[in-house]
Amino acid sequence: MKIEVTNEENEVFMLLDECTKNLKNEHGLTTSCRVAGGWVRDKLLGSDSNDIDIALENMMGLTFAEHFVQFVAREKGITEAKVTKIERNPNQSKHLETARAKVLGIELDLVNLRSEEYSEGSRIPSDIAFGTPLQDAMRRDTTINALFYNVHTQSVEDLTEKGLDDLRNGIIRTPLPPRETFLDDPLRVIRCARFASRFGFELLPELKNAAADPDIQEAFAHKISRERVGEELDKMLKGRDPLLSIRLIHEISLYSSVFTIPPAISNAFSSAPTLPITSVAAATILQALIDPATSDAFSTRLPTIHQTLTSQVGSSKGTRALLFLAAALTPFRGITYMDAKSKKQHAVEAAVREGTKLGSQNHYLDGVTPLFIAADMLKIPNLQNEKLRSPSERVAIGLLLRDKFVHNPNTGSHWTTSILFSLVQELTPFYDAEKDQLNVEEASVIIQTYNTFVQRIEELGLPKDVDAKPMLDGRRVVQLLSATPGQWTGKVLTKVMEWQLDHPRGTPAECEAWLKGEHEGGQIQVEANSTGGKRGSGGEEGASKKKAKK
């Protein structure tokens, strides 16, 4: 395995080498520079990387960085190099002050090689000291992340003596015994799972056993901030293989620790969550539907789902990540609880909010609950179902697709992904994740039902109407009916939308004539002399307030 260094990287590495020699000759200071961790790993795997972390021997990062920018300015005429100090932030796993320097367009993070000691009950080192390259390598999370590239010898250093072999053989291993590594910093448990899913590598059995140790599970639940858990989970969901990530979380018994919910909430649940393996079942079904070529063997025996259902997934990593997160939360499906204000809430949202602190990026927090609500609304979309045919087929299906839980850009909901997720939820009970067996016959019938439903949506020309606005706005409705705005306005606009769906070739003039006729015939009621108008709406109250302001 060989590292291919770009011309720009080689030039910067030569400058680092010259700077160390200058420090020794002019100031009597001895140090060495090694690129550490991810850059080395990715380069050896044949990938580009911009994450260049420089590990320094016997010198702080800021001290060297300041010498470095002065050296390249004085000796090489490179004056644009600047130094930024990054303060310690243990909550973000930044246990040491770091210096950042940008030279020749390449950004370097510089920090000293170190050894660490941990106190019980904390993942933040209690004692950090200058360390040897070997000590620094052994304290890292995995052997493949403990490799160094020595800029002076231009060679890879594998001080754990396992990193290169593990990289070749696709193995995730800890430099020290896994129990020791995980007790020092339990976050490394989920990081090992993330790297395994990212590269398609295998977790060693002893690593899995250590991860499932009750002491490690307890430490993970109490020593790691929820934000750090969410950050790792987000990378897994947006990574190469979110299905493998969810499987590994289950295999190492980490599910309840990742999606942990305070007892004050979980004790109020309307029912108990199903087993964590349900998350694997749902994620496996999702993967089989959106990418059959990479799925297990049973997917080849299933009907292909309508291509419209995967249109959003292929164009957005965020949509894909949200769907896999929702699949992972399937054990919480249908569970509700009453919050402190006696308002009904959904357990899936609590799992995201309390367990991962993911927030609304990719609509994780505000998009998960709508997916589950929409799944209940859309299930068994048989075209013979009366609710899909009244008052007319086009109106009934159109209103369903326009429902705020089924389609709402503000929460990341799209009618195609809502239908897709509903299909996933319907198929999940027919898949046994323990045995990797699917009732293909039952599943095929369900898929055909959904395909027929989507085909009918397109035959009716409804996709263009999902985001359409009513052809008459509220102001025009009020004007036509010679009324004052009020709560009735919204109800009438819904009727206008129904007419619009039922008359896809209708014009605004025809809609206005229909609206007047319905009003004159008593089918549409308005609130006479309503005082519900807003300031500036044209009503008497609004006019009087405007006059008073003048």
# chains A, B, ... in the order shown; residues from 1 in each chain; ligands from 1

$ closest_atom_pairs --of "region 353-445 of chain A" --to "region 279-283 of chain A" --cutoff "7 Å" --atoms "only C-alpha atoms" --output "JSON lines"
{"residue": "A:Val424", "atom": "CA", "partner": "A:Ala282", "partner_atom": "CA", "distance": 6.4}
{"residue": "A:Gln425", "atom": "CA", "partner": "A:Ala282", "partner_atom": "CA", "distance": 6.8}
{"residue": "A:Thr428", "atom": "CA", "partner": "A:Ala282", "partner_atom": "CA", "distance": 5.3}
{"residue": "A:Tyr431", "atom": "CA", "partner": "A:Ala281", "partner_atom": "CA", "distance": 6.3}
{"residue": "A:Asp432", "atom": "CA", "partner": "A:Ala281", "partner_atom": "CA", "distance": 6.9}
{"residue": "A:Ala433", "atom": "CA", "partner": "A:Ala281", "partner_atom": "CA", "distance": 5.2}

$ residues_around --residues "Val348 (chain A)" --least-positions-apart "4" --cutoff "8 Å" --atoms "only C-alpha atoms" --output "number ranges by chain"
A: 329, 332-333, 335, 352, 368-369

$ residues_around --residues "region 19-27 of chain A" --least-positions-apart "6" --cutoff "12 Å" --atoms "only C-alpha atoms" --output "list in words"
Val12, Phe13, Cys33, Arg34, Leu56, Glu57, Asn58, Met59, Thr63, Phe64, Ala65, Glu66, His67, Phe68, Val69, Gln70, Phe71, Val72, Ala73, Arg74, Glu75, Lys76, Val151 and His152 of chain A

$ select_by_dssp --residues "region 10-96 of chain A" --states "helix (DSSP H, G or I)" --output "NGL selection string"
:A and (10-27 or 38-44 or 61-76 or 90-92)

$ write_last_selection --atoms "C-alpha atoms" --output "PDB file, in the first residue's frame"
ATOM      1  CA  ASN A  10       4.617  17.487  -1.132  1.00  0.00           C
ATOM      2  CA  GLU A  11       5.606  21.163  -1.275  1.00  0.00           C
ATOM      3  CA  VAL A  12       3.991  21.841   2.112  1.00  0.00           C
ATOM      4  CA  PHE A  13       5.607  18.746   3.642  1.00  0.00           C
ATOM      5  CA  MET A  14       9.028  19.903   2.381  1.00  0.00           C
ATOM      6  CA  LEU A  15       8.420  23.276   4.029  1.00  0.00           C
ATOM      7  CA  LEU A  16       7.583  21.524   7.308  1.00  0.00           C
ATOM      8  CA  ASP A  17      10.804  19.505   7.056  1.00  0.00           C
ATOM      9  CA  GLU A  18      12.896  22.600   6.359  1.00  0.00           C
ATOM     10  CA  CYS A  19      11.236  24.450   9.245  1.00  0.00           C
ATOM     11  CA  THR A  20      12.163  21.720  11.751  1.00  0.00           C
ATOM     12  CA  LYS A  21      15.781  21.893  10.602  1.00  0.00           C
ATOM     13  CA  ASN A  22      15.730  25.686  10.914  1.00  0.00           C
ATOM     14  CA  LEU A  23      14.351  25.432  14.459  1.00  0.00           C
ATOM     15  CA  LYS A  24      17.156  23.103  15.453  1.00  0.00           C
ATOM     16  CA  ASN A  25      19.939  25.089  13.784  1.00  0.00           C
ATOM     17  CA  GLU A  26      18.878  28.573  14.864  1.00  0.00           C
ATOM     18  CA  HIS A  27      16.970  27.975  18.124  1.00  0.00           C
ATOM     19  CA  GLY A  38      -7.598   9.960   8.708  1.00  0.00           C
ATOM     20  CA  TRP A  39      -5.463  11.496   5.947  1.00  0.00           C
ATOM     21  CA  VAL A  40      -3.060   8.548   6.045  1.00  0.00           C
ATOM     22  CA  ARG A  41      -5.886   6.001   6.099  1.00  0.00           C
ATOM     23  CA  ASP A  42      -7.786   7.607   3.230  1.00  0.00           C
ATOM     24  CA  LYS A  43      -4.679   8.057   1.089  1.00  0.00           C
ATOM     25  CA  LEU A  44      -3.753   4.396   1.529  1.00  0.00           C
ATOM     26  CA  GLY A  61       0.998  23.112  18.005  1.00  0.00           C
ATOM     27  CA  LEU A  62       0.704  26.880  18.416  1.00  0.00           C
ATOM     28  CA  THR A  63       4.421  27.315  19.130  1.00  0.00           C
ATOM     29  CA  PHE A  64       5.429  25.438  16.003  1.00  0.00           C
ATOM     30  CA  ALA A  65       2.761  27.061  13.828  1.00  0.00           C
ATOM     31  CA  GLU A  66       3.989  30.549  14.718  1.00  0.00           C
ATOM     32  CA  HIS A  67       7.572  29.565  13.880  1.00  0.00           C
ATOM     33  CA  PHE A  68       6.361  27.944  10.667  1.00  0.00           C
ATOM     34  CA  VAL A  69       4.523  30.966   9.234  1.00  0.00           C
ATOM     35  CA  GLN A  70       7.470  33.225  10.137  1.00  0.00           C
ATOM     36  CA  PHE A  71       9.861  30.799   8.458  1.00  0.00           C
ATOM     37  CA  VAL A  72       7.925  30.501   5.164  1.00  0.00           C
ATOM     38  CA  ALA A  73       7.466  34.276   5.045  1.00  0.00           C
ATOM     39  CA  ARG A  74      11.135  35.030   5.740  1.00  0.00           C
ATOM     40  CA  GLU A  75      12.773  32.243   3.754  1.00  0.00           C
ATOM     41  CA  LYS A  76      10.255  31.560   0.996  1.00  0.00           C
ATOM     42  CA  PRO A  90     -13.672  18.459  25.406  1.00  0.00           C
ATOM     43  CA  ASN A  91     -17.360  18.123  24.522  1.00  0.00           C
ATOM     44  CA  GLN A  92     -16.302  18.038  20.870  1.00  0.00           C
TER      45      GLN A  92
END

$ residues_around --residues "Gly461 (chain A)" --least-positions-apart "6" --cutoff "10 Å" --atoms "only C-alpha atoms" --output "list of chain:residue names"
A:Arg394, A:Gly398, A:Gln455, A:Leu501, A:Pro504

$ residues_around --residues "Leu388 (chain A)" --least-positions-apart "2" --cutoff "12 Å" --atoms "only C-alpha atoms" --output "list in words"
Met377, Leu378, Lys379, Ile380, Pro381, Asn382, Leu383, Gln384, Asn385, Glu386, Ser390, Pro391, Ser392, Glu393, Arg394, Val395, Ala396, Ile397, Gly398, Leu399, Leu400, Leu401, Phe453, Arg456 and Ile457 of chain A

$ write_last_selection --atoms "N, CA and C atoms" --output "JSON list (two decimals), in the first residue's frame"
[["chain", "number", "residue", "atom", "x", "y", "z"],
["A", 377, "MET", "N", -51.80, 7.13, 7.45],
["A", 377, "MET", "CA", -52.81, 7.69, 6.55],
["A", 377, "MET", "C", -52.80, 6.98, 5.19],
["A", 378, "LEU", "N", -51.62, 6.54, 4.75],
["A", 378, "LEU", "CA", -51.46, 6.02, 3.40],
["A", 378, "LEU", "C", -51.53, 4.50, 3.30],
["A", 379, "LYS", "N", -51.55, 3.81, 4.41],
["A", 379, "LYS", "CA", -51.43, 2.35, 4.36],
["A", 379, "LYS", "C", -52.62, 1.72, 3.61],
["A", 380, "ILE", "N", -52.31, 0.62, 2.95],
["A", 380, "ILE", "CA", -53.26, -0.12, 2.11],
["A", 380, "ILE", "C", -53.98, 0.82, 1.14],
["A", 381, "PRO", "N", -53.24, 1.44, 0.22],
["A", 381, "PRO", "CA", -53.87, 2.39, -0.73],
["A", 381, "PRO", "C", -54.59, 1.67, -1.87],
["A", 382, "ASN", "N", -55.53, 0.85, -1.53],
["A", 382, "ASN", "CA", -56.29, 0.11, -2.54],
["A", 382, "ASN", "C", -57.26, 1.06, -3.23],
["A", 383, "LEU", "N", -57.22, 1.10, -4.53],
["A", 383, "LEU", "CA", -58.04, 2.06, -5.28],
["A", 383, "LEU", "C", -59.54, 1.76, -5.16],
["A", 384, "GLN", "N", -59.88, 0.58, -4.67],
["A", 384, "GLN", "CA", -61.29, 0.27, -4.45],
["A", 384, "GLN", "C", -61.78, 0.80, -3.11],
["A", 385, "ASN", "N", -60.84, 1.27, -2.30],
["A", 385, "ASN", "CA", -61.19, 1.81, -0.99],
["A", 385, "ASN", "C", -62.06, 3.05, -1.18],
["A", 386, "GLU", "N", -63.18, 3.09, -0.48],
["A", 386, "GLU", "CA", -64.15, 4.18, -0.66],
["A", 386, "GLU", "C", -63.55, 5.54, -0.31],
["A", 390, "SER", "N", -64.20, 9.20, -2.87],
["A", 390, "SER", "CA", -65.27, 10.15, -2.53],
["A", 390, "SER", "C", -64.66, 11.49, -2.09],
["A", 391, "PRO", "N", -65.19, 12.64, -2.58],
["A", 391, "PRO", "CA", -66.34, 12.79, -3.46],
["A", 391, "PRO", "C", -66.06, 12.38, -4.92],
["A", 392, "SER", "N", -64.79, 12.36, -5.29],
["A", 392, "SER", "CA", -64.37, 11.81, -6.58],
["A", 392, "SER", "C", -62.96, 11.30, -6.38],
["A", 393, "GLU", "N", -62.52, 10.41, -7.24],
["A", 393, "GLU", "CA", -61.20, 9.81, -7.08],
["A", 393, "GLU", "C", -60.10, 10.87, -7.12],
["A", 394, "ARG", "N", -60.20, 11.79, -8.06],
["A", 394, "ARG", "CA", -59.14, 12.79, -8.20],
["A", 394, "ARG", "C", -59.08, 13.73, -7.00],
["A", 395, "VAL", "N", -60.25, 14.10, -6.48],
["A", 395, "VAL", "CA", -60.30, 14.98, -5.32],
["A", 395, "VAL", "C", -59.79, 14.25, -4.08],
["A", 396, "ALA", "N", -60.25, 13.04, -3.86],
["A", 396, "ALA", "CA", -59.88, 12.30, -2.66],
["A", 396, "ALA", "C", -58.36, 12.05, -2.60],
["A", 397, "ILE", "N", -57.80, 11.57, -3.70],
["A", 397, "ILE", "CA", -56.36, 11.29, -3.71],
["A", 397, "ILE", "C", -55.56, 12.59, -3.67],
["A", 398, "GLY", "N", -56.04, 13.60, -4.39],
["A", 398, "GLY", "CA", -55.34, 14.89, -4.39],
["A", 398, "GLY", "C", -55.27, 15.50, -3.01],
["A", 399, "LEU", "N", -56.37, 15.48, -2.27],
["A", 399, "LEU", "CA", -56.37, 16.04, -0.92],
["A", 399, "LEU", "C", -55.48, 15.23, 0.02],
["A", 400, "LEU", "N", -55.45, 13.92, -0.18],
["A", 400, "LEU", "CA", -54.58, 13.08, 0.63],
["A", 400, "LEU", "C", -53.11, 13.44, 0.39],
["A", 401, "LEU", "N", -52.74, 13.61, -0.85],
["A", 401, "LEU", "CA", -51.35, 13.95, -1.17],
["A", 401, "LEU", "C", -50.98, 15.35, -0.68],
["A", 453, "PHE", "N", -51.28, 2.28, -7.12],
["A", 453, "PHE", "CA", -51.70, 3.56, -6.55],
["A", 453, "PHE", "C", -50.89, 4.71, -7.15],
["A", 456, "ARG", "N", -51.75, 5.34, -10.74],
["A", 456, "ARG", "CA", -53.02, 6.07, -10.87],
["A", 456, "ARG", "C", -52.83, 7.55, -10.57],
["A", 457, "ILE", "N", -51.99, 7.87, -9.60],
["A", 457, "ILE", "CA", -51.69, 9.27, -9.29],
["A", 457, "ILE", "C", -51.16, 9.98, -10.53]]

$ atom_distance --atom1 "CA of Leu322 (chain A)" --atom2 "CA of Leu237 (chain A)"
7.9 Å

$ residues_around --residues "Asn410 (chain A)" --least-positions-apart "3" --cutoff "10 Å" --atoms "only C-alpha atoms" --output "count of residues only"
7

$ closest_residue --among "A:Asp165, A:Glu227, A:Asp51, A:Asp467" --to "Asp109 (chain A)" --atoms "only C-alpha atoms"
A:Asp51

$ closest_residue --among "A:Asn209, A:Ile216, A:Lys469, A:Phe195" --to "Leu183 (chain A)" --atoms "only C-alpha atoms"
A:Ile216

$ residues_around --residues "Leu254 (chain A)" --least-positions-apart "3" --cutoff "8 Å" --atoms "only C-alpha atoms" --output "PyMOL selection string"
chain A and resi 211-212+217+249-251+257-258

$ decode --residues "region 155-203 of chain A" --atoms "N, CA and C atoms" --output "PDB file, in the first residue's frame"
ATOM      1  N   SER A 155       7.559   8.331   4.644  1.00  0.00           N
ATOM      2  CA  SER A 155       7.168   6.926   4.791  1.00  0.00           C
ATOM      3  C   SER A 155       6.017   6.790   5.780  1.00  0.00           C
ATOM      4  N   VAL A 156       5.276   5.689   5.639  1.00  0.00           N
ATOM      5  CA  VAL A 156       4.180   5.377   6.555  1.00  0.00           C
ATOM      6  C   VAL A 156       4.732   4.636   7.763  1.00  0.00           C
ATOM      7  N   GLU A 157       4.288   5.020   8.947  1.00  0.00           N
ATOM      8  CA  GLU A 157       4.703   4.365  10.178  1.00  0.00           C
ATOM      9  C   GLU A 157       3.500   3.669  10.801  1.00  0.00           C
ATOM     10  N   ASP A 158       3.614   2.377  10.982  1.00  0.00           N
ATOM     11  CA  ASP A 158       2.555   1.565  11.595  1.00  0.00           C
ATOM     12  C   ASP A 158       3.058   1.095  12.958  1.00  0.00           C
ATOM     13  N   LEU A 159       2.939   1.949  13.946  1.00  0.00           N
ATOM     14  CA  LEU A 159       3.541   1.670  15.248  1.00  0.00           C
ATOM     15  C   LEU A 159       2.753   0.649  16.059  1.00  0.00           C
ATOM     16  N   THR A 160       1.475   0.447  15.742  1.00  0.00           N
ATOM     17  CA  THR A 160       0.714  -0.610  16.429  1.00  0.00           C
ATOM     18  C   THR A 160       1.017  -1.981  15.829  1.00  0.00           C
ATOM     19  N   GLU A 161       1.653  -1.979  14.661  1.00  0.00           N
ATOM     20  CA  GLU A 161       2.020  -3.182  13.916  1.00  0.00           C
ATOM     21  C   GLU A 161       0.803  -3.978  13.427  1.00  0.00           C
ATOM     22  N   LYS A 162      -0.342  -3.331  13.420  1.00  0.00           N
ATOM     23  CA  LYS A 162      -1.564  -4.002  12.942  1.00  0.00           C
ATOM     24  C   LYS A 162      -2.347  -3.155  11.939  1.00  0.00           C
ATOM     25  N   GLY A 163      -2.065  -1.859  11.913  1.00  0.00           N
ATOM     26  CA  GLY A 163      -2.874  -0.945  11.112  1.00  0.00           C
ATOM     27  C   GLY A 163      -2.885  -1.253   9.627  1.00  0.00           C
ATOM     28  N   LEU A 164      -1.716  -1.496   9.045  1.00  0.00           N
ATOM     29  CA  LEU A 164      -1.655  -1.763   7.607  1.00  0.00           C
ATOM     30  C   LEU A 164      -2.326  -3.080   7.252  1.00  0.00           C
ATOM     31  N   ASP A 165      -2.092  -4.108   8.063  1.00  0.00           N
ATOM     32  CA  ASP A 165      -2.757  -5.392   7.808  1.00  0.00           C
ATOM     33  C   ASP A 165      -4.269  -5.257   7.945  1.00  0.00           C
ATOM     34  N   ASP A 166      -4.726  -4.520   8.959  1.00  0.00           N
ATOM     35  CA  ASP A 166      -6.167  -4.343   9.150  1.00  0.00           C
ATOM     36  C   ASP A 166      -6.788  -3.564   8.005  1.00  0.00           C
ATOM     37  N   LEU A 167      -6.021  -2.624   7.462  1.00  0.00           N
ATOM     38  CA  LEU A 167      -6.518  -1.858   6.322  1.00  0.00           C
ATOM     39  C   LEU A 167      -6.630  -2.760   5.093  1.00  0.00           C
ATOM     40  N   ARG A 168      -5.657  -3.641   4.905  1.00  0.00           N
ATOM     41  CA  ARG A 168      -5.702  -4.571   3.768  1.00  0.00           C
ATOM     42  C   ARG A 168      -6.835  -5.586   3.909  1.00  0.00           C
ATOM     43  N   ASN A 169      -7.028  -6.063   5.133  1.00  0.00           N
ATOM     44  CA  ASN A 169      -7.971  -7.163   5.371  1.00  0.00           C
ATOM     45  C   ASN A 169      -9.380  -6.702   5.736  1.00  0.00           C
ATOM     46  N   GLY A 170      -9.577  -5.393   5.843  1.00  0.00           N
ATOM     47  CA  GLY A 170     -10.908  -4.873   6.150  1.00  0.00           C
ATOM     48  C   GLY A 170     -11.352  -5.185   7.558  1.00  0.00           C
ATOM     49  N   ILE A 171     -10.515  -4.856   8.538  1.00  0.00           N
ATOM     50  CA  ILE A 171     -10.803  -5.178   9.940  1.00  0.00           C
ATOM     51  C   ILE A 171     -10.769  -3.906  10.783  1.00  0.00           C
ATOM     52  N   ILE A 172     -11.744  -3.809  11.686  1.00  0.00           N
ATOM     53  CA  ILE A 172     -11.747  -2.738  12.684  1.00  0.00           C
ATOM     54  C   ILE A 172     -11.287  -3.339  14.004  1.00  0.00           C
ATOM     55  N   ARG A 173     -10.175  -2.798  14.522  1.00  0.00           N
ATOM     56  CA  ARG A 173      -9.559  -3.300  15.748  1.00  0.00           C
ATOM     57  C   ARG A 173      -9.083  -2.103  16.580  1.00  0.00           C
ATOM     58  N   THR A 174      -9.086  -2.216  17.868  1.00  0.00           N
ATOM     59  CA  THR A 174      -8.541  -1.172  18.737  1.00  0.00           C
ATOM     60  C   THR A 174      -7.072  -1.463  19.015  1.00  0.00           C
ATOM     61  N   PRO A 175      -6.225  -0.431  19.122  1.00  0.00           N
ATOM     62  CA  PRO A 175      -4.797  -0.667  19.394  1.00  0.00           C
ATOM     63  C   PRO A 175      -4.563  -1.381  20.731  1.00  0.00           C
ATOM     64  N   LEU A 176      -5.258  -0.937  21.768  1.00  0.00           N
ATOM     65  CA  LEU A 176      -5.204  -1.572  23.081  1.00  0.00           C
ATOM     66  C   LEU A 176      -6.359  -2.561  23.185  1.00  0.00           C
ATOM     67  N   PRO A 177      -6.413  -3.414  24.203  1.00  0.00           N
ATOM     68  CA  PRO A 177      -7.583  -4.278  24.387  1.00  0.00           C
ATOM     69  C   PRO A 177      -8.856  -3.440  24.341  1.00  0.00           C
ATOM     70  N   PRO A 178      -9.884  -3.878  23.608  1.00  0.00           N
ATOM     71  CA  PRO A 178     -11.059  -3.032  23.380  1.00  0.00           C
ATOM     72  C   PRO A 178     -11.740  -2.550  24.656  1.00  0.00           C
ATOM     73  N   ARG A 179     -11.783  -3.390  25.685  1.00  0.00           N
ATOM     74  CA  ARG A 179     -12.445  -2.958  26.918  1.00  0.00           C
ATOM     75  C   ARG A 179     -11.730  -1.750  27.508  1.00  0.00           C
ATOM     76  N   GLU A 180     -10.415  -1.768  27.486  1.00  0.00           N
ATOM     77  CA  GLU A 180      -9.629  -0.640  28.003  1.00  0.00           C
ATOM     78  C   GLU A 180      -9.861   0.611  27.160  1.00  0.00           C
ATOM     79  N   THR A 181      -9.832   0.430  25.844  1.00  0.00           N
ATOM     80  CA  THR A 181     -10.052   1.561  24.931  1.00  0.00           C
ATOM     81  C   THR A 181     -11.430   2.175  25.135  1.00  0.00           C
ATOM     82  N   PHE A 182     -12.451   1.336  25.289  1.00  0.00           N
ATOM     83  CA  PHE A 182     -13.828   1.829  25.402  1.00  0.00           C
ATOM     84  C   PHE A 182     -14.108   2.440  26.772  1.00  0.00           C
ATOM     85  N   LEU A 183     -13.518   1.882  27.820  1.00  0.00           N
ATOM     86  CA  LEU A 183     -13.730   2.474  29.146  1.00  0.00           C
ATOM     87  C   LEU A 183     -13.077   3.848  29.230  1.00  0.00           C
ATOM     88  N   ASP A 184     -11.926   4.016  28.573  1.00  0.00           N
ATOM     89  CA  ASP A 184     -11.283   5.333  28.555  1.00  0.00           C
ATOM     90  C   ASP A 184     -12.187   6.356  27.877  1.00  0.00           C
ATOM     91  N   ASP A 185     -12.762   5.968  26.736  1.00  0.00           N
ATOM     92  CA  ASP A 185     -13.649   6.880  25.994  1.00  0.00           C
ATOM     93  C   ASP A 185     -14.727   6.053  25.294  1.00  0.00           C
ATOM     94  N   PRO A 186     -15.910   5.922  25.892  1.00  0.00           N
ATOM     95  CA  PRO A 186     -16.979   5.085  25.321  1.00  0.00           C
ATOM     96  C   PRO A 186     -17.467   5.548  23.945  1.00  0.00           C
ATOM     97  N   LEU A 187     -17.181   6.802  23.586  1.00  0.00           N
ATOM     98  CA  LEU A 187     -17.581   7.265  22.254  1.00  0.00           C
ATOM     99  C   LEU A 187     -16.932   6.412  21.169  1.00  0.00           C
ATOM    100  N   ARG A 188     -15.796   5.809  21.495  1.00  0.00           N
ATOM    101  CA  ARG A 188     -15.075   4.989  20.524  1.00  0.00           C
ATOM    102  C   ARG A 188     -15.892   3.770  20.087  1.00  0.00           C
ATOM    103  N   VAL A 189     -16.863   3.353  20.902  1.00  0.00           N
ATOM    104  CA  VAL A 189     -17.714   2.223  20.521  1.00  0.00           C
ATOM    105  C   VAL A 189     -18.472   2.549  19.234  1.00  0.00           C
ATOM    106  N   ILE A 190     -19.154   3.674  19.228  1.00  0.00           N
ATOM    107  CA  ILE A 190     -19.957   4.024  18.058  1.00  0.00           C
ATOM    108  C   ILE A 190     -19.053   4.483  16.905  1.00  0.00           C
ATOM    109  N   ARG A 191     -17.876   5.027  17.220  1.00  0.00           N
ATOM    110  CA  ARG A 191     -16.947   5.390  16.153  1.00  0.00           C
ATOM    111  C   ARG A 191     -16.449   4.139  15.424  1.00  0.00           C
ATOM    112  N   CYS A 192     -16.194   3.074  16.170  1.00  0.00           N
ATOM    113  CA  CYS A 192     -15.788   1.817  15.528  1.00  0.00           C
ATOM    114  C   CYS A 192     -16.889   1.320  14.589  1.00  0.00           C
ATOM    115  N   ALA A 193     -18.136   1.410  15.045  1.00  0.00           N
ATOM    116  CA  ALA A 193     -19.258   0.988  14.197  1.00  0.00           C
ATOM    117  C   ALA A 193     -19.353   1.886  12.965  1.00  0.00           C
ATOM    118  N   ARG A 194     -19.103   3.181  13.142  1.00  0.00           N
ATOM    119  CA  ARG A 194     -19.185   4.105  12.000  1.00  0.00           C
ATOM    120  C   ARG A 194     -18.117   3.795  10.960  1.00  0.00           C
ATOM    121  N   PHE A 195     -16.890   3.556  11.403  1.00  0.00           N
ATOM    122  CA  PHE A 195     -15.829   3.261  10.440  1.00  0.00           C
ATOM    123  C   PHE A 195     -16.067   1.919   9.755  1.00  0.00           C
ATOM    124  N   ALA A 196     -16.634   0.958  10.484  1.00  0.00           N
ATOM    125  CA  ALA A 196     -16.954  -0.333   9.863  1.00  0.00           C
ATOM    126  C   ALA A 196     -17.983  -0.153   8.761  1.00  0.00           C
ATOM    127  N   SER A 197     -19.009   0.654   9.015  1.00  0.00           N
ATOM    128  CA  SER A 197     -20.046   0.867   7.998  1.00  0.00           C
ATOM    129  C   SER A 197     -19.537   1.742   6.861  1.00  0.00           C
ATOM    130  N   ARG A 198     -18.661   2.680   7.174  1.00  0.00           N
ATOM    131  CA  ARG A 198     -18.145   3.581   6.140  1.00  0.00           C
ATOM    132  C   ARG A 198     -17.296   2.826   5.117  1.00  0.00           C
ATOM    133  N   PHE A 199     -16.475   1.891   5.607  1.00  0.00           N
ATOM    134  CA  PHE A 199     -15.554   1.203   4.707  1.00  0.00           C
ATOM    135  C   PHE A 199     -15.984  -0.230   4.390  1.00  0.00           C
ATOM    136  N   GLY A 200     -17.086  -0.673   4.982  1.00  0.00           N
ATOM    137  CA  GLY A 200     -17.510  -2.045   4.765  1.00  0.00           C
ATOM    138  C   GLY A 200     -16.585  -3.035   5.445  1.00  0.00           C
ATOM    139  N   PHE A 201     -15.972  -2.620   6.573  1.00  0.00           N
ATOM    140  CA  PHE A 201     -15.033  -3.463   7.297  1.00  0.00           C
ATOM    141  C   PHE A 201     -15.760  -4.294   8.364  1.00  0.00           C
ATOM    142  N   GLU A 202     -15.043  -5.248   8.923  1.00  0.00           N
ATOM    143  CA  GLU A 202     -15.611  -6.150   9.912  1.00  0.00           C
ATOM    144  C   GLU A 202     -15.124  -5.788  11.314  1.00  0.00           C
ATOM    145  N   LEU A 203     -16.050  -5.765  12.274  1.00  0.00           N
ATOM    146  CA  LEU A 203     -15.675  -5.589  13.677  1.00  0.00           C
ATOM    147  C   LEU A 203     -15.207  -6.936  14.221  1.00  0.00           C
TER     148      LEU A 203
END
